[in-house]
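Structure file protein10.cif (mmCIF, C-alpha atoms) follows.
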data_work
loop_
_atom_site.label_atom_id
_atom_site.label_comp_id
_atom_site.auth_asym_id
_atom_site.auth_seq_id
_atom_site.Cartn_x
_atom_site.Cartn_y
_atom_site.Cartn_z
CA MET A 1197 30.38 -58.17 8.79
CA HIS A 1198 31.10 -54.64 7.69
CA PHE A 1199 33.57 -53.82 4.98
CA PHE A 1200 35.34 -50.52 4.49
CA ASP A 1201 33.71 -48.54 1.68
CA PHE A 1202 36.44 -47.64 -0.84
CA SER A 1203 33.94 -45.93 -3.12
CA LEU A 1204 34.67 -42.68 -1.29
CA PHE A 1205 38.13 -42.66 -2.89
CA LYS A 1206 37.55 -42.19 -6.58
CA PHE A 1207 40.93 -42.11 -8.28
CA THR A 1208 40.98 -41.22 -11.97
CA PHE A 1209 43.77 -40.74 -14.50
CA PHE A 1210 43.57 -36.98 -14.08
CA ASP A 1211 43.97 -37.34 -10.31
CA LEU A 1212 47.18 -39.29 -10.94
CA LEU A 1213 48.33 -36.66 -13.45
CA ASP A 1214 47.56 -33.95 -10.90
CA VAL A 1215 49.72 -35.65 -8.24
CA VAL A 1216 52.59 -36.24 -10.69
CA LEU A 1217 52.59 -32.60 -11.87
CA VAL A 1218 52.53 -31.26 -8.31
CA ALA A 1219 55.40 -33.61 -7.36
CA PHE A 1220 57.35 -32.46 -10.42
CA LEU A 1221 56.84 -28.78 -9.52
CA ILE A 1222 57.93 -29.38 -5.93
CA TYR A 1223 61.03 -31.24 -7.17
CA GLN A 1224 61.93 -28.40 -9.53
CA LEU A 1225 61.47 -25.81 -6.77
CA TYR A 1226 63.65 -27.93 -4.49
CA ASN A 1227 66.39 -28.02 -7.14
CA LEU A 1228 66.22 -24.23 -7.52
CA ILE A 1229 66.73 -23.45 -3.83
CA ARG A 1230 68.86 -26.43 -2.77
CA GLY A 1231 72.12 -25.35 -1.16
CA THR A 1232 71.22 -21.64 -1.20
CA ILE A 1233 70.22 -19.11 1.45
CA ALA A 1234 66.72 -19.29 -0.07
CA ALA A 1235 66.35 -22.78 1.43
CA ASN A 1236 66.79 -21.38 4.95
CA ILE A 1237 64.38 -18.53 4.17
CA PHE A 1238 61.81 -21.05 2.94
CA ILE A 1239 62.12 -23.08 6.15
CA GLY A 1240 61.68 -19.89 8.18
CA LEU A 1241 58.54 -18.94 6.26
CA ALA A 1242 57.14 -22.46 6.60
CA LEU A 1243 57.67 -22.31 10.38
CA LEU A 1244 56.02 -18.89 10.48
CA PHE A 1245 52.93 -20.16 8.63
CA GLY A 1246 52.82 -23.28 10.80
CA MET A 1247 53.04 -21.19 13.97
CA TYR A 1248 50.18 -19.01 12.74
CA TYR A 1249 47.79 -21.95 12.41
CA VAL A 1250 48.87 -23.34 15.82
CA VAL A 1251 48.26 -20.05 17.71
CA LYS A 1252 45.00 -19.58 15.81
CA ALA A 1253 43.79 -23.02 16.92
CA LEU A 1254 44.80 -22.18 20.51
CA HIS A 1255 42.88 -18.85 20.29
CA MET A 1256 45.94 -16.76 21.14
CA GLN A 1257 44.53 -13.51 19.81
CA LEU A 1258 47.61 -11.25 20.01
CA LEU A 1259 49.99 -13.61 18.20
CA THR A 1260 47.27 -14.56 15.73
CA GLY A 1261 46.81 -10.89 14.83
CA ILE A 1262 50.56 -10.26 14.42
CA LEU A 1263 51.27 -13.40 12.38
CA GLY A 1264 48.07 -12.89 10.40
CA LYS A 1265 49.53 -9.70 8.91
CA PHE A 1266 52.35 -11.77 7.39
CA VAL A 1267 49.97 -14.47 6.16
CA ASP A 1268 47.67 -11.89 4.51
CA VAL A 1269 50.48 -10.77 2.18
CA GLY A 1270 51.81 -14.32 1.77
CA ILE A 1271 51.96 -14.60 -2.02
CA ILE A 1272 53.38 -11.09 -2.46
CA ALA A 1273 56.00 -11.73 0.24
CA LEU A 1274 56.99 -15.00 -1.46
CA ILE A 1275 57.47 -13.27 -4.83
CA VAL A 1276 59.57 -10.49 -3.27
CA VAL A 1277 61.71 -12.80 -1.14
CA PHE A 1278 62.18 -15.42 -3.86
CA GLN A 1279 62.49 -13.02 -6.81
CA GLN A 1280 65.62 -14.68 -8.22
CA GLU A 1281 64.22 -18.18 -7.76
CA VAL A 1282 60.92 -17.23 -9.47
CA ARG A 1283 62.93 -15.75 -12.36
CA ARG A 1284 64.98 -18.94 -12.69
CA PHE A 1285 61.84 -21.11 -12.55
CA LEU A 1286 60.14 -19.11 -15.32
CA LEU A 1287 63.33 -19.29 -17.41
CA LEU A 1288 63.34 -23.06 -16.92
CA VAL A 1289 59.71 -23.36 -18.04
CA GLY A 1290 60.24 -21.03 -21.01
CA LYS A 1291 63.40 -22.82 -22.08
CA ASN A 1292 61.71 -26.22 -22.16
CA ALA A 1293 58.72 -24.86 -24.10
CA SER A 1294 60.61 -22.67 -26.55
CA LEU A 1295 60.53 -23.11 -30.29
CA GLN A 1296 64.31 -22.96 -30.31
CA ARG A 1297 64.46 -26.14 -28.22
CA ASN A 1298 61.98 -27.88 -30.54
CA ARG A 1299 64.04 -26.83 -33.53
CA ALA A 1300 67.14 -28.24 -31.85
CA TRP A 1301 65.42 -31.63 -31.47
CA TRP A 1302 64.45 -31.55 -35.14
CA GLN A 1303 68.08 -30.93 -36.09
CA TYR A 1304 69.21 -33.71 -33.76
CA PHE A 1305 67.26 -36.35 -35.68
CA PHE A 1306 67.51 -35.00 -39.24
CA GLY A 1307 70.70 -32.96 -39.41
CA LYS A 1308 72.90 -34.14 -36.57
CA ALA A 1309 76.13 -34.61 -38.55
CA ASP A 1310 76.01 -31.18 -40.19
CA ALA A 1311 75.03 -29.49 -36.94
CA GLU A 1312 77.93 -31.06 -35.03
CA LYS A 1313 80.39 -30.14 -37.78
CA ASN A 1314 79.25 -26.51 -37.84
CA ASN A 1315 79.16 -26.35 -34.07
CA TYR A 1316 82.74 -27.63 -33.70
CA ALA A 1317 83.94 -24.81 -35.97
CA ARG A 1318 82.31 -22.35 -33.53
CA ILE A 1319 83.64 -23.86 -30.32
CA LYS A 1320 87.18 -24.71 -31.51
CA PRO A 1321 88.52 -21.13 -30.97
CA VAL A 1322 87.10 -21.19 -27.42
CA ILE A 1323 88.70 -24.57 -26.63
CA ASP A 1324 92.05 -23.46 -28.10
CA ALA A 1325 91.93 -20.25 -26.04
CA CYS A 1326 91.16 -22.27 -22.89
CA LYS A 1327 94.17 -24.52 -23.55
CA SER A 1328 96.42 -21.48 -23.83
CA LEU A 1329 94.96 -19.78 -20.74
CA LYS A 1330 95.21 -22.99 -18.70
CA SER A 1331 98.87 -23.52 -19.66
CA THR A 1332 99.77 -20.00 -18.46
CA ARG A 1333 97.42 -20.16 -15.44
CA THR A 1334 95.56 -17.10 -16.60
CA GLY A 1335 92.23 -16.72 -14.81
CA ALA A 1336 89.18 -16.52 -17.07
CA LEU A 1337 85.40 -16.60 -16.99
CA ILE A 1338 83.58 -17.25 -20.27
CA VAL A 1339 79.78 -17.24 -20.25
CA PHE A 1340 77.64 -18.76 -23.01
CA ALA A 1341 74.21 -17.10 -22.93
CA LYS A 1342 71.41 -18.69 -24.95
CA TYR A 1343 69.42 -15.46 -24.71
CA TYR A 1344 71.38 -12.24 -24.47
CA ASP A 1345 69.61 -10.01 -21.95
CA GLU A 1346 71.05 -6.54 -22.66
CA GLN A 1347 69.65 -5.08 -19.46
CA PHE A 1348 71.28 -7.83 -17.40
CA TYR A 1349 74.71 -7.92 -19.07
CA GLN A 1350 75.43 -4.50 -20.53
CA ASN A 1351 74.98 -2.51 -17.32
CA SER A 1352 78.51 -3.41 -16.24
CA CYS A 1353 80.15 -4.53 -19.50
CA GLU A 1354 82.17 -3.21 -22.38
CA VAL A 1355 80.33 -4.02 -25.62
CA ILE A 1356 82.53 -5.97 -28.08
CA GLU A 1357 80.25 -7.48 -30.77
CA GLY A 1358 83.25 -9.32 -32.22
CA LYS A 1359 83.89 -12.62 -33.98
CA ILE A 1360 84.81 -15.50 -31.68
CA SER A 1361 88.56 -16.04 -31.98
CA LYS A 1362 91.35 -17.53 -29.89
CA ARG A 1363 93.52 -14.41 -30.01
CA LEU A 1364 90.72 -12.08 -29.02
CA LEU A 1365 89.86 -14.21 -25.98
CA GLU A 1366 93.54 -14.47 -25.02
CA SER A 1367 94.06 -10.73 -25.30
CA ILE A 1368 90.97 -9.95 -23.19
CA PHE A 1369 92.11 -12.13 -20.29
CA GLN A 1370 95.78 -11.09 -20.27
CA LYS A 1371 96.60 -9.59 -16.88
CA THR A 1372 97.71 -6.31 -18.47
CA SER A 1373 94.41 -5.93 -20.34
CA PRO A 1374 91.94 -3.40 -18.90
CA LEU A 1375 89.14 -5.89 -19.69
CA HIS A 1376 90.58 -8.97 -17.94
CA ASP A 1377 88.84 -8.41 -14.62
CA GLY A 1378 85.37 -9.75 -15.34
CA ALA A 1379 83.55 -12.16 -17.63
CA VAL A 1380 83.29 -12.50 -21.39
CA VAL A 1381 79.77 -13.16 -22.62
CA ILE A 1382 79.28 -15.14 -25.84
CA ALA A 1383 75.87 -15.21 -27.52
CA GLU A 1384 74.48 -15.36 -31.05
CA ASN A 1385 77.87 -16.72 -32.25
CA LYS A 1386 79.64 -13.51 -31.19
CA ILE A 1387 81.68 -12.21 -28.31
CA LYS A 1388 79.01 -9.77 -27.20
CA SER A 1389 80.73 -8.13 -24.24
CA ALA A 1390 83.70 -8.29 -21.88
CA SER A 1391 84.66 -7.17 -18.37
CA CYS A 1392 81.18 -8.08 -17.10
CA ILE A 1393 80.48 -7.96 -13.38
CA LEU A 1394 78.08 -10.80 -12.63
CA PRO A 1395 75.91 -11.66 -9.61
CA LEU A 1396 77.51 -14.04 -7.13
CA THR A 1397 75.83 -17.26 -6.11
CA GLU A 1398 74.25 -17.44 -2.67
CA LYS A 1399 75.14 -21.12 -2.22
CA THR A 1400 76.68 -21.86 1.15
CA ASP A 1401 78.05 -25.36 0.46
CA LEU A 1402 80.77 -24.53 -2.10
CA PRO A 1403 84.41 -25.66 -1.69
CA ALA A 1404 86.61 -23.26 0.27
CA GLN A 1405 88.96 -22.75 -2.70
CA PHE A 1406 86.21 -21.17 -4.81
CA GLY A 1407 86.85 -17.46 -5.25
CA LEU A 1408 84.80 -14.67 -6.77
CA ARG A 1409 85.33 -15.96 -10.31
CA HIS A 1410 83.81 -19.36 -9.52
CA ARG A 1411 80.97 -17.81 -7.51
CA ALA A 1412 80.16 -15.43 -10.37
CA GLY A 1413 80.24 -18.29 -12.89
CA ILE A 1414 77.79 -20.31 -10.81
CA GLY A 1415 75.66 -17.24 -10.04
CA VAL A 1416 75.10 -16.28 -13.68
CA THR A 1417 73.90 -19.82 -14.51
CA GLU A 1418 71.41 -19.60 -11.64
CA ALA A 1419 69.95 -16.28 -12.79
CA ASN A 1420 69.99 -16.90 -16.57
CA ASP A 1421 69.81 -19.62 -19.17
CA ALA A 1422 73.58 -19.75 -19.53
CA THR A 1423 76.64 -21.93 -18.99
CA ALA A 1424 80.10 -20.83 -17.91
CA ILE A 1425 83.72 -21.94 -18.27
CA ILE A 1426 85.89 -21.00 -15.30
CA ILE A 1427 89.71 -21.18 -15.36
CA SER A 1428 91.39 -20.88 -11.98
CA GLU A 1429 94.23 -18.39 -11.76
CA GLU A 1430 95.87 -20.28 -8.89
CA THR A 1431 95.76 -23.84 -10.26
CA GLY A 1432 94.80 -23.53 -13.92
CA GLU A 1433 91.95 -25.96 -13.20
CA LEU A 1434 89.06 -25.95 -15.65
CA SER A 1435 85.48 -25.92 -14.31
CA TYR A 1436 82.11 -25.88 -16.06
CA ALA A 1437 78.97 -24.39 -14.51
CA LYS A 1438 75.39 -25.02 -15.57
CA GLN A 1439 72.06 -24.44 -13.80
CA GLY A 1440 73.82 -23.50 -10.57
CA ARG A 1441 75.98 -26.64 -10.50
CA VAL A 1442 79.66 -26.91 -11.30
CA LYS A 1443 81.87 -29.71 -12.66
CA MET A 1444 85.43 -29.32 -11.44
CA ASN A 1445 88.75 -30.23 -13.04
CA ILE A 1446 87.32 -31.31 -16.39
CA SER A 1447 89.43 -32.33 -19.38
CA PHE A 1448 89.33 -30.64 -22.77
CA ALA A 1449 87.61 -33.71 -24.22
CA GLU A 1450 84.86 -33.27 -21.62
CA LEU A 1451 84.71 -29.55 -22.34
CA GLU A 1452 84.21 -30.23 -26.06
CA LYS A 1453 81.34 -32.64 -25.31
CA LEU A 1454 79.68 -30.19 -22.94
CA LEU A 1455 79.95 -27.29 -25.37
CA ASN A 1456 78.69 -29.43 -28.26
CA LYS A 1457 75.66 -30.29 -26.15
CA ASP A 1458 74.94 -26.86 -24.65
CA PHE A 1459 76.28 -24.25 -27.07
#

Please lay out the structure from this file as C-alpha coordinates.
Amino acid sequence: MHFFDFSLFKFTFFDLLDVVLVAFLIYQLYNLIRGTIAANIFIGLALLFGMYYVVKALHMQLLTGILGKFVDVGIIALIVVFQQEVRRFLLLVGKNASLQRNRAWWQYFFGKADAEKNNYARIKPVIDACKSLKSTRTGALIVFAKYYDEQFYQNSCEVIEGKISKRLLESIFQKTSPLHDGAVVIAENKIKSASCILPLTEKTDLPAQFGLRHRAGIGVTEANDATAIIISEETGELSYAKQGRVKMNISFAELEKLLNKDF
(Lines of atoms letter the chains of each structure in order from A and count residues from 1; the text may use other names and numbers.)
(Lines give C-alpha, C1' and ligand atoms only; values in the text may rest on other atoms or scores of the structure.)
Protein backbone atom coordinates (compact mmCIF):
# COMPACT_ATOMS: atom_id res chain seq x y z
CA MET A 1 0.00 0.00 0.00
CA HIS A 2 1.43 3.33 -1.06
CA PHE A 3 1.01 6.45 0.98
CA PHE A 4 1.24 10.01 -0.30
CA ASP A 5 4.60 11.52 0.60
CA PHE A 6 3.94 14.79 2.48
CA SER A 7 7.64 15.40 3.00
CA LEU A 8 7.66 17.36 -0.26
CA PHE A 9 5.63 20.08 1.47
CA LYS A 10 7.91 21.53 4.10
CA PHE A 11 6.02 24.29 5.87
CA THR A 12 7.96 26.41 8.34
CA PHE A 13 7.08 29.43 10.47
CA PHE A 14 8.67 31.75 7.93
CA ASP A 15 6.54 30.23 5.15
CA LEU A 16 3.45 31.05 7.22
CA LEU A 17 4.76 34.57 7.87
CA ASP A 18 5.41 34.97 4.15
CA VAL A 19 1.82 34.02 3.28
CA VAL A 20 0.36 36.31 5.98
CA LEU A 21 2.44 39.30 4.82
CA VAL A 22 1.50 38.78 1.17
CA ALA A 23 -2.18 38.48 2.15
CA PHE A 24 -1.90 41.67 4.20
CA LEU A 25 -0.31 43.57 1.29
CA ILE A 26 -3.00 42.36 -1.11
CA TYR A 27 -5.71 43.42 1.37
CA GLN A 28 -4.16 46.88 1.75
CA LEU A 29 -3.90 47.30 -2.03
CA TYR A 30 -7.53 46.22 -2.35
CA ASN A 31 -8.58 48.86 0.20
CA LEU A 32 -6.65 51.53 -1.71
CA ILE A 33 -8.33 50.91 -5.06
CA ARG A 34 -11.76 49.68 -3.91
CA GLY A 35 -14.58 51.75 -5.39
CA THR A 36 -12.26 53.80 -7.62
CA ILE A 37 -11.55 53.90 -11.35
CA ALA A 38 -8.19 52.29 -10.49
CA ALA A 39 -10.05 49.04 -9.73
CA ASN A 40 -11.35 48.87 -13.32
CA ILE A 41 -7.88 49.72 -14.66
CA PHE A 42 -6.38 46.93 -12.55
CA ILE A 43 -8.90 44.41 -13.93
CA GLY A 44 -8.08 45.56 -17.46
CA LEU A 45 -4.34 45.11 -16.88
CA ALA A 46 -4.89 41.69 -15.31
CA LEU A 47 -6.91 40.60 -18.37
CA LEU A 48 -4.18 41.95 -20.65
CA PHE A 49 -1.47 39.96 -18.83
CA GLY A 50 -3.68 36.86 -18.79
CA MET A 51 -4.34 37.18 -22.53
CA TYR A 52 -0.60 37.47 -23.18
CA TYR A 53 0.16 34.13 -21.52
CA VAL A 54 -2.77 32.46 -23.32
CA VAL A 55 -1.71 33.62 -26.82
CA LYS A 56 1.90 32.75 -26.00
CA ALA A 57 0.90 29.20 -25.07
CA LEU A 58 -1.11 28.95 -28.31
CA HIS A 59 1.93 30.20 -30.31
CA MET A 60 0.03 33.15 -31.79
CA GLN A 61 3.12 35.09 -32.79
CA LEU A 62 1.57 38.42 -33.85
CA LEU A 63 -0.54 38.93 -30.71
CA THR A 64 2.30 37.63 -28.54
CA GLY A 65 4.62 40.26 -30.00
CA ILE A 66 2.11 43.10 -29.53
CA LEU A 67 1.09 42.17 -25.98
CA GLY A 68 4.71 41.40 -25.11
CA LYS A 69 5.57 45.09 -25.55
CA PHE A 70 3.12 45.94 -22.76
CA VAL A 71 4.39 43.14 -20.52
CA ASP A 72 8.03 44.21 -20.99
CA VAL A 73 7.31 47.60 -19.38
CA GLY A 74 4.92 46.09 -16.83
CA ILE A 75 6.34 47.50 -13.59
CA ILE A 76 6.91 50.97 -15.08
CA ALA A 77 3.39 51.01 -16.53
CA LEU A 78 1.95 50.01 -13.15
CA ILE A 79 3.79 52.84 -11.37
CA VAL A 80 2.63 55.40 -13.96
CA VAL A 81 -0.99 54.23 -14.05
CA PHE A 82 -1.28 53.78 -10.28
CA GLN A 83 0.79 56.81 -9.25
CA GLN A 84 -1.78 58.09 -6.74
CA GLU A 85 -2.37 54.63 -5.27
CA VAL A 86 1.39 54.01 -4.88
CA ARG A 87 1.71 57.39 -3.14
CA ARG A 88 -1.14 56.53 -0.77
CA PHE A 89 0.35 53.09 -0.04
CA LEU A 90 3.76 54.57 0.81
CA LEU A 91 2.08 57.18 3.02
CA LEU A 92 0.24 54.38 4.81
CA VAL A 93 3.48 52.45 5.40
CA GLY A 94 5.35 55.57 6.52
CA LYS A 95 2.55 56.64 8.83
CA ASN A 96 2.47 53.31 10.64
CA ALA A 97 6.26 53.23 11.01
CA SER A 98 6.79 56.87 11.97
CA LEU A 99 8.30 58.01 15.23
CA GLN A 100 5.38 60.38 15.66
CA ARG A 101 2.98 57.43 15.83
CA ASN A 102 5.21 55.66 18.38
CA ARG A 103 5.35 58.82 20.45
CA ALA A 104 1.55 59.02 20.33
CA TRP A 105 1.30 55.48 21.75
CA TRP A 106 3.71 56.43 24.53
CA GLN A 107 1.52 59.41 25.42
CA TYR A 108 -1.58 57.22 25.30
CA PHE A 109 -0.33 54.99 28.11
CA PHE A 110 1.60 57.50 30.23
CA GLY A 111 0.03 60.89 29.62
CA LYS A 112 -3.46 60.25 28.31
CA ALA A 113 -5.34 62.65 30.60
CA ASP A 114 -3.07 65.62 29.92
CA ALA A 115 -2.99 64.90 26.20
CA GLU A 116 -6.79 64.79 25.95
CA LYS A 117 -7.14 67.99 27.97
CA ASN A 118 -4.65 69.86 25.77
CA ASN A 119 -6.17 68.41 22.62
CA TYR A 120 -9.70 69.52 23.54
CA ALA A 121 -8.45 73.09 23.89
CA ARG A 122 -7.18 72.85 20.30
CA ILE A 123 -10.28 71.32 18.76
CA LYS A 124 -12.93 73.32 20.68
CA PRO A 125 -12.68 76.39 18.35
CA VAL A 126 -13.14 74.09 15.35
CA ILE A 127 -16.20 72.38 16.87
CA ASP A 128 -17.73 75.74 17.86
CA ALA A 129 -17.16 77.07 14.33
CA CYS A 130 -18.79 73.95 12.86
CA LYS A 131 -21.85 74.45 15.09
CA SER A 132 -22.20 78.02 13.86
CA LEU A 133 -21.67 77.10 10.19
CA LYS A 134 -24.14 74.20 10.44
CA SER A 135 -26.84 76.40 12.00
CA THR A 136 -26.57 78.91 9.13
CA ARG A 137 -26.10 76.18 6.48
CA THR A 138 -22.81 77.66 5.39
CA GLY A 139 -20.80 75.22 3.29
CA ALA A 140 -17.31 74.44 4.59
CA LEU A 141 -14.40 72.09 4.06
CA ILE A 142 -11.80 71.86 6.84
CA VAL A 143 -8.80 69.59 6.31
CA PHE A 144 -6.55 68.35 9.13
CA ALA A 145 -3.17 67.42 7.65
CA LYS A 146 -0.75 65.46 9.82
CA TYR A 147 2.10 66.41 7.50
CA TYR A 148 1.82 69.73 5.70
CA ASP A 149 3.08 69.21 2.15
CA GLU A 150 3.73 72.76 0.91
CA GLN A 151 4.07 71.67 -2.69
CA PHE A 152 0.70 69.90 -2.55
CA TYR A 153 -1.32 72.56 -0.70
CA GLN A 154 0.22 75.95 -1.40
CA ASN A 155 0.02 75.78 -5.20
CA SER A 156 -3.63 76.83 -5.07
CA CYS A 157 -3.98 78.34 -1.59
CA GLU A 158 -3.74 81.61 0.24
CA VAL A 159 -1.22 81.25 3.07
CA ILE A 160 -2.72 82.19 6.47
CA GLU A 161 -0.39 80.86 9.21
CA GLY A 162 -2.91 81.95 11.84
CA LYS A 163 -4.06 80.74 15.24
CA ILE A 164 -7.02 78.37 15.18
CA SER A 165 -10.09 80.35 16.23
CA LYS A 166 -13.85 80.16 15.78
CA ARG A 167 -14.18 83.67 14.36
CA LEU A 168 -11.40 83.22 11.84
CA LEU A 169 -12.96 80.01 10.52
CA GLU A 170 -16.41 81.64 10.38
CA SER A 171 -15.09 84.67 8.52
CA ILE A 172 -13.24 82.52 5.96
CA PHE A 173 -16.35 80.52 5.03
CA GLN A 174 -18.81 83.43 4.90
CA LYS A 175 -20.29 83.61 1.42
CA THR A 176 -19.07 87.19 0.95
CA SER A 177 -15.48 86.23 1.80
CA PRO A 178 -13.08 85.93 -1.15
CA LEU A 179 -11.59 82.84 0.55
CA HIS A 180 -14.81 80.87 1.11
CA ASP A 181 -14.64 78.89 -2.12
CA GLY A 182 -12.16 76.17 -1.23
CA ALA A 183 -10.75 74.33 1.77
CA VAL A 184 -9.05 75.44 4.95
CA VAL A 185 -6.01 73.36 5.87
CA ILE A 186 -5.06 72.98 9.54
CA ALA A 187 -1.66 71.57 10.48
CA GLU A 188 0.92 72.04 13.22
CA ASN A 189 -1.81 73.60 15.42
CA LYS A 190 -2.30 76.47 12.95
CA ILE A 191 -4.62 77.44 10.15
CA LYS A 192 -1.96 77.09 7.49
CA SER A 193 -3.90 78.08 4.39
CA ALA A 194 -7.35 78.80 2.97
CA SER A 195 -9.17 78.75 -0.37
CA CYS A 196 -7.36 75.53 -1.33
CA ILE A 197 -8.38 73.71 -4.49
CA LEU A 198 -8.03 70.00 -3.77
CA PRO A 199 -8.01 66.90 -6.00
CA LEU A 200 -11.38 65.21 -6.41
CA THR A 201 -11.88 61.56 -5.59
CA GLU A 202 -12.22 59.11 -8.46
CA LYS A 203 -14.69 56.91 -6.58
CA THR A 204 -17.70 55.97 -8.67
CA ASP A 205 -19.98 54.64 -5.91
CA LEU A 206 -20.65 57.86 -3.97
CA PRO A 207 -24.19 59.09 -3.16
CA ALA A 208 -25.76 61.29 -5.83
CA GLN A 209 -26.10 64.23 -3.42
CA PHE A 210 -22.32 64.53 -2.99
CA GLY A 211 -21.05 67.66 -4.70
CA LEU A 212 -17.57 68.99 -5.36
CA ARG A 213 -16.99 69.83 -1.69
CA HIS A 214 -17.60 66.23 -0.57
CA ARG A 215 -15.57 64.81 -3.46
CA ALA A 216 -12.65 67.12 -2.64
CA GLY A 217 -12.84 66.19 1.06
CA ILE A 218 -12.68 62.49 0.22
CA GLY A 219 -10.01 63.04 -2.45
CA VAL A 220 -7.57 64.82 -0.16
CA THR A 221 -7.77 61.99 2.39
CA GLU A 222 -6.97 59.50 -0.37
CA ALA A 223 -3.89 61.40 -1.56
CA ASN A 224 -2.53 62.50 1.85
CA ASP A 225 -2.41 61.54 5.49
CA ALA A 226 -5.29 63.84 6.36
CA THR A 227 -8.88 63.94 7.59
CA ALA A 228 -11.62 66.35 6.54
CA ILE A 229 -14.79 67.89 7.96
CA ILE A 230 -17.41 68.65 5.31
CA ILE A 231 -20.48 70.83 5.97
CA SER A 232 -23.16 70.69 3.30
CA GLU A 233 -24.43 74.03 2.06
CA GLU A 234 -27.79 72.55 1.06
CA THR A 235 -28.64 70.56 4.20
CA GLY A 236 -26.14 71.67 6.85
CA GLU A 237 -25.24 67.99 7.29
CA LEU A 238 -21.88 67.24 8.88
CA SER A 239 -19.63 64.59 7.30
CA TYR A 240 -16.18 63.30 8.24
CA ALA A 241 -13.74 61.84 5.71
CA LYS A 242 -10.71 59.69 6.46
CA GLN A 243 -8.60 57.39 4.25
CA GLY A 244 -11.01 57.81 1.34
CA ARG A 245 -14.10 56.89 3.39
CA VAL A 246 -16.77 59.22 4.68
CA LYS A 247 -19.12 59.13 7.68
CA MET A 248 -22.30 61.05 6.95
CA ASN A 249 -24.61 63.04 9.20
CA ILE A 250 -22.48 62.77 12.33
CA SER A 251 -23.27 64.53 15.61
CA PHE A 252 -20.99 66.99 17.35
CA ALA A 253 -20.31 64.41 20.06
CA GLU A 254 -19.09 62.03 17.35
CA LEU A 255 -17.06 64.82 15.76
CA GLU A 256 -15.33 65.53 19.08
CA LYS A 257 -14.42 61.84 19.50
CA LEU A 258 -13.09 61.60 15.94
CA LEU A 259 -11.00 64.76 16.27
CA ASN A 260 -9.66 63.67 19.66
CA LYS A 261 -8.55 60.41 18.05
CA ASP A 262 -7.17 61.76 14.77
CA PHE A 263 -6.05 65.35 15.39

*Could you expand the PyMOL selection byres ((chain A and resi 1423) around 6) into the explicit residues it covers here, written as a list in words?*
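Evaluating the PyMOL selection byres ((chain A and resi 1423) around 6) on these coordinates yields Val1339, Phe1340, Thr1417, Ala1422, Ala1424, Ala1437 and Lys1438 of chain A.
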
_One number please: atom CA of Gly1440 of chain A to atom CA of Asp1214 of chain A, in Å, one decimal._
28.3 Å

*asked:* Which residues are near segment 1385-1398 of chain A? Cut-off 10 Å, all atoms listed in the file, ignore same chain within fewer than 4 positions. Put them as an MDAnalysis selection string.
replied: chainID A and resid 1229 1231:1234 1315 1318:1319 1337:1342 1344 1346 1348:1361 1364:1365 1368:1369 1374:1381 1402 1408:1419 1440 1459

Would you write out those residues with C-alpha atoms, as a short mmCIF file (atom, residue, chain, number, x, y, z; two decimals), in the coordinates of the input?
data_model
loop_
_atom_site.label_atom_id
_atom_site.label_comp_id
_atom_site.auth_asym_id
_atom_site.auth_seq_id
_atom_site.Cartn_x
_atom_site.Cartn_y
_atom_site.Cartn_z
CA ILE A 1229 66.73 -23.45 -3.83
CA GLY A 1231 72.12 -25.35 -1.16
CA THR A 1232 71.22 -21.64 -1.20
CA ILE A 1233 70.22 -19.11 1.45
CA ALA A 1234 66.72 -19.29 -0.07
CA ASN A 1315 79.16 -26.35 -34.07
CA ARG A 1318 82.31 -22.35 -33.53
CA ILE A 1319 83.64 -23.86 -30.32
CA LEU A 1337 85.40 -16.60 -16.99
CA ILE A 1338 83.58 -17.25 -20.27
CA VAL A 1339 79.78 -17.24 -20.25
CA PHE A 1340 77.64 -18.76 -23.01
CA ALA A 1341 74.21 -17.10 -22.93
CA LYS A 1342 71.41 -18.69 -24.95
CA TYR A 1344 71.38 -12.24 -24.47
CA GLU A 1346 71.05 -6.54 -22.66
CA PHE A 1348 71.28 -7.83 -17.40
CA TYR A 1349 74.71 -7.92 -19.07
CA GLN A 1350 75.43 -4.50 -20.53
CA ASN A 1351 74.98 -2.51 -17.32
CA SER A 1352 78.51 -3.41 -16.24
CA CYS A 1353 80.15 -4.53 -19.50
CA GLU A 1354 82.17 -3.21 -22.38
CA VAL A 1355 80.33 -4.02 -25.62
CA ILE A 1356 82.53 -5.97 -28.08
CA GLU A 1357 80.25 -7.48 -30.77
CA GLY A 1358 83.25 -9.32 -32.22
CA LYS A 1359 83.89 -12.62 -33.98
CA ILE A 1360 84.81 -15.50 -31.68
CA SER A 1361 88.56 -16.04 -31.98
CA LEU A 1364 90.72 -12.08 -29.02
CA LEU A 1365 89.86 -14.21 -25.98
CA ILE A 1368 90.97 -9.95 -23.19
CA PHE A 1369 92.11 -12.13 -20.29
CA PRO A 1374 91.94 -3.40 -18.90
CA LEU A 1375 89.14 -5.89 -19.69
CA HIS A 1376 90.58 -8.97 -17.94
CA ASP A 1377 88.84 -8.41 -14.62
CA GLY A 1378 85.37 -9.75 -15.34
CA ALA A 1379 83.55 -12.16 -17.63
CA VAL A 1380 83.29 -12.50 -21.39
CA VAL A 1381 79.77 -13.16 -22.62
CA LEU A 1402 80.77 -24.53 -2.10
CA LEU A 1408 84.80 -14.67 -6.77
CA ARG A 1409 85.33 -15.96 -10.31
CA HIS A 1410 83.81 -19.36 -9.52
CA ARG A 1411 80.97 -17.81 -7.51
CA ALA A 1412 80.16 -15.43 -10.37
CA GLY A 1413 80.24 -18.29 -12.89
CA ILE A 1414 77.79 -20.31 -10.81
CA GLY A 1415 75.66 -17.24 -10.04
CA VAL A 1416 75.10 -16.28 -13.68
CA THR A 1417 73.90 -19.82 -14.51
CA GLU A 1418 71.41 -19.60 -11.64
CA ALA A 1419 69.95 -16.28 -12.79
CA GLY A 1440 73.82 -23.50 -10.57
CA PHE A 1459 76.28 -24.25 -27.07
#

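With distances restricted to all atoms listed in the file, A:Asp1421 is the closest residue to Asp1345 of chain A from A:Thr1372, A:Asp1421, A:Leu1243, A:Gln1405.
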
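Picture a line from atom CA of Phe1266 of chain A to atom CA of Leu1221 of chain A; it runs 24.4 Å.
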
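The two atoms in question, atom CA of Ile1426 of chain A and atom CA of Leu1454 of chain A, are spaced 13.5 Å apart.
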
*asked:* Ranking A:Asp1268, A:Asn1456, A:Met1247, A:Leu1451 by minimum distance to Asp1324 of chain A and counting only C-alpha atoms, which one comes first?
replied: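 Looking only at the distances to Asp1324 of chain A, the closest residue turns out to be A:Leu1451.
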